[in-house]
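Structure first, commentary second.
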Amino acid sequence: MSVTTTMTKPQAVKTNAGRFFEDYRVGMVMDHAVPRTVSGGERALYHALYPARHALYSSDQFAQNCGLPFSPLDDMAAFHVVFGKTVPDVSLNAVANLGYAQGRWLLPVYAGDTLRSRSEVIGVKQNSNGKTGVVYVRTTGLNQRDETVMEYVRWVMVRKRDADAPAPEPVVPDLPKALTVSDLVVPSGLDFSNYDFDQAGEAHRWGDYQVGEQIDHVDGVTIEEAEHMMATRLWQNTAKVHFDTSARPDGSRLIYGGHVISMARALSFNGLANAQMVVGLNAGAHANPCLAGDTVRAWSEVLDKAETAAPGVGALRLRLVATKGGAPFNLRTDDGKYAPEVLLDLDYWVLIPV
Amino acid sequence: MSVTTTMTKPQAVKTNAGRFFEDYRVGMVMDHAVPRTVSGGERALYHALYPARHALYSSDQFAQNCGLPFSPLDDMAAFHVVFGKTVPDVSLNAVANLGYAQGRWLLPVYAGDTLRSRSEVIGVKQNSNGKTGVVYVRTTGLNQRDETVMEYVRWVMVRKRDADAPAPEPVVPDLPKALTVSDLVVPSGLDFSNYDFDQAGEAHRWGDYQVGEQIDHVDGVTIEEAEHMMATRLWQNTAKVHFDTSARPDGSRLIYGGHVISMARALSFNGLANAQMVVGLNAGAHANPCLAGDTVRAWSEVLDKAETAAPGVGALRLRLVATKGGAPFNLRTDDGKYAPEVLLDLDYWVLIPV
Amino acid sequence: MSVTTTMTKPQAVKTNAGRFFEDYRVGMVMDHAVPRTVSGGERALYHALYPARHALYSSDQFAQNCGLPFSPLDDMAAFHVVFGKTVPDVSLNAVANLGYAQGRWLLPVYAGDTLRSRSEVIGVKQNSNGKTGVVYVRTTGLNQRDETVMEYVRWVMVRKRDADAPAPEPVVPDLPKALTVSDLVVPSGLDFSNYDFDQAGEAHRWGDYQVGEQIDHVDGVTIEEAEHMMATRLWQNTAKVHFDTSARPDGSRLIYGGHVISMARALSFNGLANAQMVVGLNAGAHANPCLAGDTVRAWSEVLDKAETAAPGVGALRLRLVATKGGAPFNLRTDDGKYAPEVLLDLDYWVLIPV
């Protein structure tokens, strides 16, 4: 076969440069690439990367005692797998990850399941500077039986390819500040009637938590580059800033926000050991960047409580705050902005024995 | 629901502050929390974290040729899982891990097994300074069929909550310096009659080792923070000093002693490739702290030899010493203390083909 | 039992000092030690250590849609397992890894398979300095059914034990510069007729690549010590220079060349997402050492194209170049040597949908 002339910019032809703001249209559906089969390997790695100890995700016997067939993959790991697939289509040229809403976990994920992701654009709004815009997508995670395992809305600020491209008609979806308990899906069969508090590690049940209560989770973990990169790669998240010291002017690698979510959630075991299953994500903000060397701590606040129809199963709405220093329970400065030590402000629903 | 007044010290209510010396009573039984199902993921991580090459723990075929159904989880990994669960109840406020005795591996652990731990307090003795005391516990690791997979005694120095609390009646268990071969349990079915020395990597059999013989294992591994933290988390060991640079005055993270045990045992392959199954732990001392950046090496000494009733199976009692420098075979200084480069002095029984 | 007198150099007796040049004879066969059963754990770790996203190795469903029973272990992981076993017998005293030829992947490796390695010496040639020689070995990887899963030739420069030992009759095998497509083995059942380009991540098929075309894979990964050591240990590769900071005069740990191969191959997804199965290794050079802190990038060049008899399956011969800086497509300096930023120059065959 003959050798062809090398093209002048061959990489422009074959590699993915990512979408820009003007590439998104409301109603557009993206089937994200690279489905992933998870196994005991992903479960073990999750426990090696985070101090995760919620018993339902650690022991098949504990899970079976709660009415599930096996111990599922951590709910946040399922989120990361689904999220990671969206990065090449949604956030490769994102300036910022602005928010989450209406996140629901609909089915537990087990070893052997294969996950893929699909996103629909549900809003676009150009910023007044004309250089960027906000894109709203509703992402769905599906398993090998085409069942939806989770879904969430997120919105990101995306660069325009061409600042002179006309602004689209703005569409901003009407998103609730939080899910209500009737929006939540309790996994089929879940039953906390015979819940083993000794095996779970704490005696505190639903009735022991009060709205407004704050919990300092005490423990801290100093983050290493190798760990956050292994985690982020495991979820096949390809954003350059997490891996390449030449991608940011200061030579630092920005830690994937989801690494901070999982670290804080795992640390919250100490005080919330029975807050087993994450079923709703109301909102979330990555308040400040996290870098290797930071020592991550966490505190929680009980925002709401609700009962569910499942036997022995109650729900708590929790604020989970991750910090890299400072005193617990400090969220914002006097001007209403996040305190500089706050990394994450997450608002989620969890299932807990009554 | 109404917002309740925030408590002044909410963390005191919900989080685990750990037990203090006066909380332990002889005869007290603690069922430790968070059972764990292990899989091929834990096996693969063990091989990624340590240069482990003992063939029985690497190959299903090799294990089957030795009469076992599958290749088990490394015996030290089983120990770490059982040990890790005891930390929140036994050593969260420990000043020092003083010793081990009467450790026995009773059943191999396979992928799919779920382990939990239980400890009984068998001794307490307040120290003369009145601020600390020594607690002796016998820990049992159980599987999902309530079979005991391993057991060991360890004693730790624990802080008193209140220096003025009265000293308990001292009880110091009578612990043998070493197990005898009749105390050891050879796994059911184990048969080294058809042992494949080529596949195992060395030709040395039981008869080739002599009491008093010393072996320099030659190889060294320089330790990284990310690795020891991943290992320690994988075993759900929560001791703060391993993870949080603010937990110790010098800002260093103290490496879990079990990481040094596994590293040294793996390095001992070079010279002890056929010392396959660890069945007894006679004694052990973490002589000096290990920190990231240390290069761990190991040497062994043959302390005793014995025959067993299983076909082709002999036993060696070995001293395994891990160092962070210096010449091999140097254990103590002239004053009888451990040399400053010695990290670990472990006395254990292992099964080897005759 | 009585304590024997300690031997003066006990380590010389029991530990493996590795073979020297004069220990190799043409026709000699070495059955390498420590067979290894792989599981979902090795698969997950591969995805945590490398940004691997080729869909056939990520999803059972995708693999089944291509006619395979499950998603295999990454072909490079299979290579690393087979290669790692040869190190104690072939390259413990190697000065340099000089080249590869005639590498063929003959059967996919699945979770549950047990791999072992065997090498035959096919050439020896003493160097003119009399201190070293080149050893050529043909290595075969076998599974638990004694089927060959892969094979390759490599040659290494090995130190002589005794510079005065006589030179052997030189035997230099006649190795082809590259395999032809008729040498390649397409896995039984492989069928790309229903290939899902959306799930694979790119639309480019065999017909879209032209001989001579160059692709800059754009992304970069900054390498950490913990990661390359975990990878290298996972493949049970024991070469000291990868782990021990005291093994090289400058205190650096030399990164296993296979870590660079896997990193570059994974990075090549961006532009070669459909280049799914690696079936042939024509040649390879580790042009310069890679150290922690280096940011690895990759570019590819299409060297040849061929059709295969399997439905929908074409083959591309690719050059894969890994660098630690500099502009893409720069391979050699004016004097014909590799440019100082080039880490790897690999020549391989891959299967891709037509």
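Going by the structure tokens order, chains are called A, B, ..., each with residues numbered from 1, while ligands are numbered from 1 in the order shown.
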
Inset, instruction - DSSP on the backbone, then: every residue of segment 62-305 of chain C marked strand (DSSP E or B), written as a ChimeraX atom specification. - result: /C:94-105,114-126,132-142,148-159,171,214-216,221-222,277-286,295-305

Inset, instruction - May I have the residues of chain B within 7 Å of chain C, counting only C-alpha atoms, written as a count of residues only? - result: 35

Legend entry - Exercise: Val121 of chain C partners within 8 Å, only C-alpha atoms, chain neighbours under 2 positions left out, as a list in words: Tyr24, Arg25, Val26, Gly27, Met28, Val29, Ser119, Gly123, Val124, Val135, Tyr136, Val137 and Arg138 of chain C

Could the residues in this selection be saved with N, CA, C and O atoms as a CSV table (one decimal), in the first residue's frame?
```
chain,number,residue,atom,x,y,z
C,24,TYR,N,23.7,-19.4,29.8
C,24,TYR,CA,22.7,-19.6,28.8
C,24,TYR,C,23.4,-20.4,27.6
C,24,TYR,O,24.5,-20.2,27.2
C,25,ARG,N,22.6,-21.4,27.1
C,25,ARG,CA,23.0,-22.2,26.0
C,25,ARG,C,21.9,-22.3,25.0
C,25,ARG,O,20.7,-22.4,25.4
C,26,VAL,N,22.2,-22.2,23.8
C,26,VAL,CA,21.1,-22.3,22.7
C,26,VAL,C,20.4,-23.6,22.9
C,26,VAL,O,21.1,-24.7,23.0
C,27,GLY,N,19.1,-23.6,22.9
C,27,GLY,CA,18.3,-24.8,23.0
C,27,GLY,C,17.8,-25.0,24.4
C,27,GLY,O,16.9,-25.8,24.7
C,28,MET,N,18.4,-24.3,25.4
C,28,MET,CA,18.0,-24.4,26.8
C,28,MET,C,16.6,-23.9,27.0
C,28,MET,O,16.2,-22.9,26.5
C,29,VAL,N,15.8,-24.7,27.8
C,29,VAL,CA,14.4,-24.3,28.0
C,29,VAL,C,14.2,-24.0,29.5
C,29,VAL,O,14.6,-24.8,30.3
C,119,SER,N,10.6,-20.1,28.4
C,119,SER,CA,11.4,-19.5,27.4
C,119,SER,C,12.5,-20.5,26.9
C,119,SER,O,13.0,-21.2,27.7
C,123,GLY,N,19.5,-17.8,20.9
C,123,GLY,CA,20.7,-17.2,20.4
C,123,GLY,C,21.6,-16.6,21.5
C,123,GLY,O,21.0,-16.3,22.6
C,124,VAL,N,22.9,-16.7,21.3
C,124,VAL,CA,23.8,-16.0,22.3
C,124,VAL,C,25.0,-15.5,21.5
C,124,VAL,O,25.4,-16.0,20.5
C,135,VAL,N,21.7,-12.3,24.8
C,135,VAL,CA,20.9,-13.5,24.9
C,135,VAL,C,19.6,-13.3,24.2
C,135,VAL,O,18.9,-12.3,24.5
C,136,TYR,N,19.2,-14.2,23.3
C,136,TYR,CA,17.9,-14.1,22.6
C,136,TYR,C,17.1,-15.3,23.2
C,136,TYR,O,17.5,-16.4,23.2
C,137,VAL,N,15.9,-14.9,23.6
C,137,VAL,CA,14.9,-16.0,24.1
C,137,VAL,C,13.6,-15.8,23.4
C,137,VAL,O,13.1,-14.7,23.1
C,138,ARG,N,13.0,-17.0,23.2
C,138,ARG,CA,11.6,-17.0,22.7
C,138,ARG,C,10.7,-17.4,23.9
C,138,ARG,O,10.9,-18.5,24.4
```

Legend entry - Nearest candidate to Val172 of chain C (options C:Lys125, C:Val218, C:Asp208, C:Thr139; using only C-alpha atoms):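 Closest candidate: C:Lys125.
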
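Going from atom CA of Leu316 of chain B to atom CA of His80 of chain B covers 22.2 Å.
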
Inset, instruction - State, in Å with one decimal place, the distance from atom CA of Asn127 of chain A to atom CA of Ala96 of chain A. - result: 13.0 Å

Legend entry - Given only C-alpha atoms as the counted atoms, nearest of B:Asp23, B:Gly189, B:Asn97, B:Gly141 to Pro168 of chain B: B:Asp23

DSSP says alpha helix (DSSP H) for which residues of segment 1-127 of chain C? Put them as a PDB file with N, CA, C and O atoms, in the first residue's frame?
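Produced file states_36.pdb, reproduced below:
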```pdb
ATOM      1  N   PRO C  10      25.307 -17.361  53.909  1.00  0.00           N
ATOM      2  CA  PRO C  10      24.100 -18.171  53.751  1.00  0.00           C
ATOM      3  C   PRO C  10      23.253 -17.721  52.566  1.00  0.00           C
ATOM      4  O   PRO C  10      22.632 -18.532  51.897  1.00  0.00           O
ATOM      5  N   GLN C  11      23.237 -16.406  52.284  1.00  0.00           N
ATOM      6  CA  GLN C  11      22.371 -15.920  51.211  1.00  0.00           C
ATOM      7  C   GLN C  11      22.793 -16.484  49.854  1.00  0.00           C
ATOM      8  O   GLN C  11      22.002 -16.595  48.946  1.00  0.00           O
ATOM      9  N   ALA C  12      24.061 -16.827  49.722  1.00  0.00           N
ATOM     10  CA  ALA C  12      24.524 -17.379  48.445  1.00  0.00           C
ATOM     11  C   ALA C  12      23.885 -18.739  48.197  1.00  0.00           C
ATOM     12  O   ALA C  12      23.734 -19.174  47.062  1.00  0.00           O
ATOM     13  N   VAL C  13      23.494 -19.394  49.254  1.00  0.00           N
ATOM     14  CA  VAL C  13      22.946 -20.734  49.122  1.00  0.00           C
ATOM     15  C   VAL C  13      21.469 -20.708  48.713  1.00  0.00           C
ATOM     16  O   VAL C  13      21.046 -21.449  47.846  1.00  0.00           O
ATOM     17  N   LYS C  14      20.695 -19.896  49.381  1.00  0.00           N
ATOM     18  CA  LYS C  14      19.245 -19.990  49.222  1.00  0.00           C
ATOM     19  C   LYS C  14      18.627 -18.982  48.248  1.00  0.00           C
ATOM     20  O   LYS C  14      17.574 -19.251  47.683  1.00  0.00           O
ATOM     21  N   GLY C  40     -11.146 -10.402  38.104  1.00  0.00           N
ATOM     22  CA  GLY C  40     -11.632  -9.044  37.934  1.00  0.00           C
ATOM     23  C   GLY C  40     -10.771  -8.032  38.663  1.00  0.00           C
ATOM     24  O   GLY C  40     -10.782  -6.847  38.313  1.00  0.00           O
ATOM     25  N   GLY C  41     -10.019  -8.480  39.648  1.00  0.00           N
ATOM     26  CA  GLY C  41      -9.129  -7.567  40.372  1.00  0.00           C
ATOM     27  C   GLY C  41      -8.029  -7.019  39.489  1.00  0.00           C
ATOM     28  O   GLY C  41      -7.744  -5.819  39.494  1.00  0.00           O
ATOM     29  N   GLU C  42      -7.402  -7.891  38.707  1.00  0.00           N
ATOM     30  CA  GLU C  42      -6.362  -7.433  37.793  1.00  0.00           C
ATOM     31  C   GLU C  42      -6.960  -6.502  36.729  1.00  0.00           C
ATOM     32  O   GLU C  42      -6.338  -5.509  36.343  1.00  0.00           O
ATOM     33  N   ARG C  43      -8.153  -6.828  36.261  1.00  0.00           N
ATOM     34  CA  ARG C  43      -8.807  -5.966  35.261  1.00  0.00           C
ATOM     35  C   ARG C  43      -9.067  -4.579  35.830  1.00  0.00           C
ATOM     36  O   ARG C  43      -8.802  -3.568  35.185  1.00  0.00           O
ATOM     37  N   ALA C  44      -9.610  -4.524  37.044  1.00  0.00           N
ATOM     38  CA  ALA C  44      -9.914  -3.221  37.651  1.00  0.00           C
ATOM     39  C   ALA C  44      -8.634  -2.434  37.895  1.00  0.00           C
ATOM     40  O   ALA C  44      -8.577  -1.225  37.637  1.00  0.00           O
ATOM     41  N   LEU C  45      -7.602  -3.110  38.391  1.00  0.00           N
ATOM     42  CA  LEU C  45      -6.348  -2.402  38.637  1.00  0.00           C
ATOM     43  C   LEU C  45      -5.760  -1.850  37.339  1.00  0.00           C
ATOM     44  O   LEU C  45      -5.189  -0.757  37.325  1.00  0.00           O
ATOM     45  N   TYR C  46      -5.900  -2.616  36.255  1.00  0.00           N
ATOM     46  CA  TYR C  46      -5.384  -2.110  34.973  1.00  0.00           C
ATOM     47  C   TYR C  46      -6.070  -0.787  34.609  1.00  0.00           C
ATOM     48  O   TYR C  46      -5.428   0.152  34.142  1.00  0.00           O
ATOM     49  N   HIS C  47      -7.358  -0.724  34.868  1.00  0.00           N
ATOM     50  CA  HIS C  47      -8.098   0.507  34.556  1.00  0.00           C
ATOM     51  C   HIS C  47      -7.805   1.624  35.559  1.00  0.00           C
ATOM     52  O   HIS C  47      -8.012   2.801  35.257  1.00  0.00           O
ATOM     53  N   ALA C  48      -7.366   1.275  36.743  1.00  0.00           N
ATOM     54  CA  ALA C  48      -6.990   2.313  37.718  1.00  0.00           C
ATOM     55  C   ALA C  48      -5.588   2.854  37.433  1.00  0.00           C
ATOM     56  O   ALA C  48      -5.298   4.014  37.728  1.00  0.00           O
ATOM     57  N   LEU C  49      -4.737   2.018  36.852  1.00  0.00           N
ATOM     58  CA  LEU C  49      -3.346   2.418  36.640  1.00  0.00           C
ATOM     59  C   LEU C  49      -3.135   3.110  35.295  1.00  0.00           C
ATOM     60  O   LEU C  49      -2.209   3.897  35.148  1.00  0.00           O
ATOM     61  N   ASP C  60     -18.319  -6.432  29.101  1.00  0.00           N
ATOM     62  CA  ASP C  60     -18.680  -7.787  28.651  1.00  0.00           C
ATOM     63  C   ASP C  60     -19.658  -7.723  27.482  1.00  0.00           C
ATOM     64  O   ASP C  60     -19.553  -8.509  26.532  1.00  0.00           O
ATOM     65  N   GLN C  61     -20.633  -6.805  27.552  1.00  0.00           N
ATOM     66  CA  GLN C  61     -21.647  -6.724  26.489  1.00  0.00           C
ATOM     67  C   GLN C  61     -21.010  -6.331  25.163  1.00  0.00           C
ATOM     68  O   GLN C  61     -21.328  -6.881  24.117  1.00  0.00           O
ATOM     69  N   PHE C  62     -20.092  -5.362  25.224  1.00  0.00           N
ATOM     70  CA  PHE C  62     -19.420  -4.956  23.990  1.00  0.00           C
ATOM     71  C   PHE C  62     -18.623  -6.117  23.403  1.00  0.00           C
ATOM     72  O   PHE C  62     -18.650  -6.368  22.193  1.00  0.00           O
ATOM     73  N   ALA C  63     -17.928  -6.848  24.279  1.00  0.00           N
ATOM     74  CA  ALA C  63     -17.127  -7.999  23.817  1.00  0.00           C
ATOM     75  C   ALA C  63     -18.029  -9.079  23.216  1.00  0.00           C
ATOM     76  O   ALA C  63     -17.709  -9.684  22.190  1.00  0.00           O
ATOM     77  N   GLN C  64     -19.178  -9.314  23.855  1.00  0.00           N
ATOM     78  CA  GLN C  64     -20.098 -10.335  23.342  1.00  0.00           C
ATOM     79  C   GLN C  64     -20.667  -9.918  21.989  1.00  0.00           C
ATOM     80  O   GLN C  64     -20.857 -10.754  21.102  1.00  0.00           O
ATOM     81  N   ASN C  65     -20.898  -8.629  21.829  1.00  0.00           N
ATOM     82  CA  ASN C  65     -21.373  -8.118  20.544  1.00  0.00           C
ATOM     83  C   ASN C  65     -20.315  -8.288  19.447  1.00  0.00           C
ATOM     84  O   ASN C  65     -20.623  -8.244  18.264  1.00  0.00           O
ATOM     85  N   ASP C  75      -4.718  -6.893  26.489  1.00  0.00           N
ATOM     86  CA  ASP C  75      -3.644  -7.679  25.867  1.00  0.00           C
ATOM     87  C   ASP C  75      -2.282  -7.323  26.459  1.00  0.00           C
ATOM     88  O   ASP C  75      -1.415  -8.192  26.592  1.00  0.00           O
ATOM     89  N   MET C  76      -2.098  -6.060  26.791  1.00  0.00           N
ATOM     90  CA  MET C  76      -0.812  -5.659  27.367  1.00  0.00           C
ATOM     91  C   MET C  76      -0.667  -6.206  28.789  1.00  0.00           C
ATOM     92  O   MET C  76       0.447  -6.531  29.214  1.00  0.00           O
ATOM     93  N   ALA C  77      -1.783  -6.318  29.515  1.00  0.00           N
ATOM     94  CA  ALA C  77      -1.710  -6.931  30.842  1.00  0.00           C
ATOM     95  C   ALA C  77      -1.297  -8.390  30.721  1.00  0.00           C
ATOM     96  O   ALA C  77      -0.467  -8.883  31.496  1.00  0.00           O
ATOM     97  N   ALA C  78      -1.860  -9.080  29.734  1.00  0.00           N
ATOM     98  CA  ALA C  78      -1.457 -10.475  29.506  1.00  0.00           C
ATOM     99  C   ALA C  78       0.035 -10.546  29.201  1.00  0.00           C
ATOM    100  O   ALA C  78       0.761 -11.394  29.731  1.00  0.00           O
ATOM    101  N   PHE C  79       0.497  -9.633  28.367  1.00  0.00           N
ATOM    102  CA  PHE C  79       1.929  -9.571  28.054  1.00  0.00           C
ATOM    103  C   PHE C  79       2.748  -9.351  29.327  1.00  0.00           C
ATOM    104  O   PHE C  79       3.768 -10.016  29.558  1.00  0.00           O
ATOM    105  N   HIS C  80       2.313  -8.420  30.171  1.00  0.00           N
ATOM    106  CA  HIS C  80       3.076  -8.119  31.395  1.00  0.00           C
ATOM    107  C   HIS C  80       3.152  -9.332  32.325  1.00  0.00           C
ATOM    108  O   HIS C  80       4.177  -9.569  32.956  1.00  0.00           O
ATOM    109  N   VAL C  81       2.043 -10.073  32.443  1.00  0.00           N
ATOM    110  CA  VAL C  81       2.050 -11.256  33.309  1.00  0.00           C
ATOM    111  C   VAL C  81       3.059 -12.272  32.786  1.00  0.00           C
ATOM    112  O   VAL C  81       3.883 -12.805  33.539  1.00  0.00           O
ATOM    113  N   VAL C  82       3.006 -12.520  31.474  1.00  0.00           N
ATOM    114  CA  VAL C  82       3.921 -13.493  30.867  1.00  0.00           C
ATOM    115  C   VAL C  82       5.367 -13.006  30.997  1.00  0.00           C
ATOM    116  O   VAL C  82       6.273 -13.759  31.371  1.00  0.00           O
ATOM    117  N   PHE C  83       5.583 -11.741  30.720  1.00  0.00           N
ATOM    118  CA  PHE C  83       6.923 -11.150  30.768  1.00  0.00           C
ATOM    119  C   PHE C  83       7.488 -11.169  32.190  1.00  0.00           C
ATOM    120  O   PHE C  83       8.659 -11.495  32.413  1.00  0.00           O
ATOM    121  N   GLY C  84       6.643 -10.780  33.157  1.00  0.00           N
ATOM    122  CA  GLY C  84       7.105 -10.657  34.548  1.00  0.00           C
ATOM    123  C   GLY C  84       7.747 -11.937  35.047  1.00  0.00           C
ATOM    124  O   GLY C  84       8.754 -11.908  35.774  1.00  0.00           O
ATOM    125  N   LYS C  85       7.181 -13.066  34.656  1.00  0.00           N
ATOM    126  CA  LYS C  85       7.699 -14.355  35.132  1.00  0.00           C
ATOM    127  C   LYS C  85       9.088 -14.656  34.598  1.00  0.00           C
ATOM    128  O   LYS C  85       9.838 -15.440  35.182  1.00  0.00           O
ATOM    129  N   THR C  86       9.440 -14.047  33.471  1.00  0.00           N
ATOM    130  CA  THR C  86      10.753 -14.342  32.869  1.00  0.00           C
ATOM    131  C   THR C  86      11.883 -13.565  33.547  1.00  0.00           C
ATOM    132  O   THR C  86      13.051 -13.942  33.390  1.00  0.00           O
ATOM    133  N   VAL C  87      11.553 -12.509  34.264  1.00  0.00           N
ATOM    134  CA  VAL C  87      12.595 -11.611  34.794  1.00  0.00           C
ATOM    135  C   VAL C  87      13.613 -12.349  35.668  1.00  0.00           C
ATOM    136  O   VAL C  87      14.826 -12.191  35.471  1.00  0.00           O
ATOM    137  N   PRO C  88      13.179 -13.176  36.661  1.00  0.00           N
ATOM    138  CA  PRO C  88      14.187 -13.817  37.514  1.00  0.00           C
ATOM    139  C   PRO C  88      15.145 -14.730  36.735  1.00  0.00           C
ATOM    140  O   PRO C  88      16.280 -14.920  37.155  1.00  0.00           O
ATOM    141  N   ASP C  89      14.699 -15.263  35.599  1.00  0.00           N
ATOM    142  CA  ASP C  89      15.536 -16.194  34.836  1.00  0.00           C
ATOM    143  C   ASP C  89      16.279 -15.539  33.684  1.00  0.00           C
ATOM    144  O   ASP C  89      17.290 -16.057  33.223  1.00  0.00           O
ATOM    145  N   VAL C  90      15.744 -14.431  33.195  1.00  0.00           N
ATOM    146  CA  VAL C  90      16.305 -13.859  31.969  1.00  0.00           C
ATOM    147  C   VAL C  90      17.003 -12.526  32.208  1.00  0.00           C
ATOM    148  O   VAL C  90      18.077 -12.269  31.666  1.00  0.00           O
TER     149      VAL C  90
END
```

Inset, instruction - For Asn194 of chain B, list every protein, DNA or RNA residue within 9 Å, evaluated using only C-alpha atoms, and leave out those in the same chain fewer than 2 positions away; present the list as an MDAnalysis selection string. - result: chainID B and resid 65:66 191:192 196 312

Inset, instruction - May I ask for the distance between atom CA of Arg205 of chain A and atom CA of Leu107 of chain A, given in Å to one decimal place? - result: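 Computing the Euclidean distance for atom CA of Arg205 of chain A and atom CA of Leu107 of chain A yields 23.6 Å.
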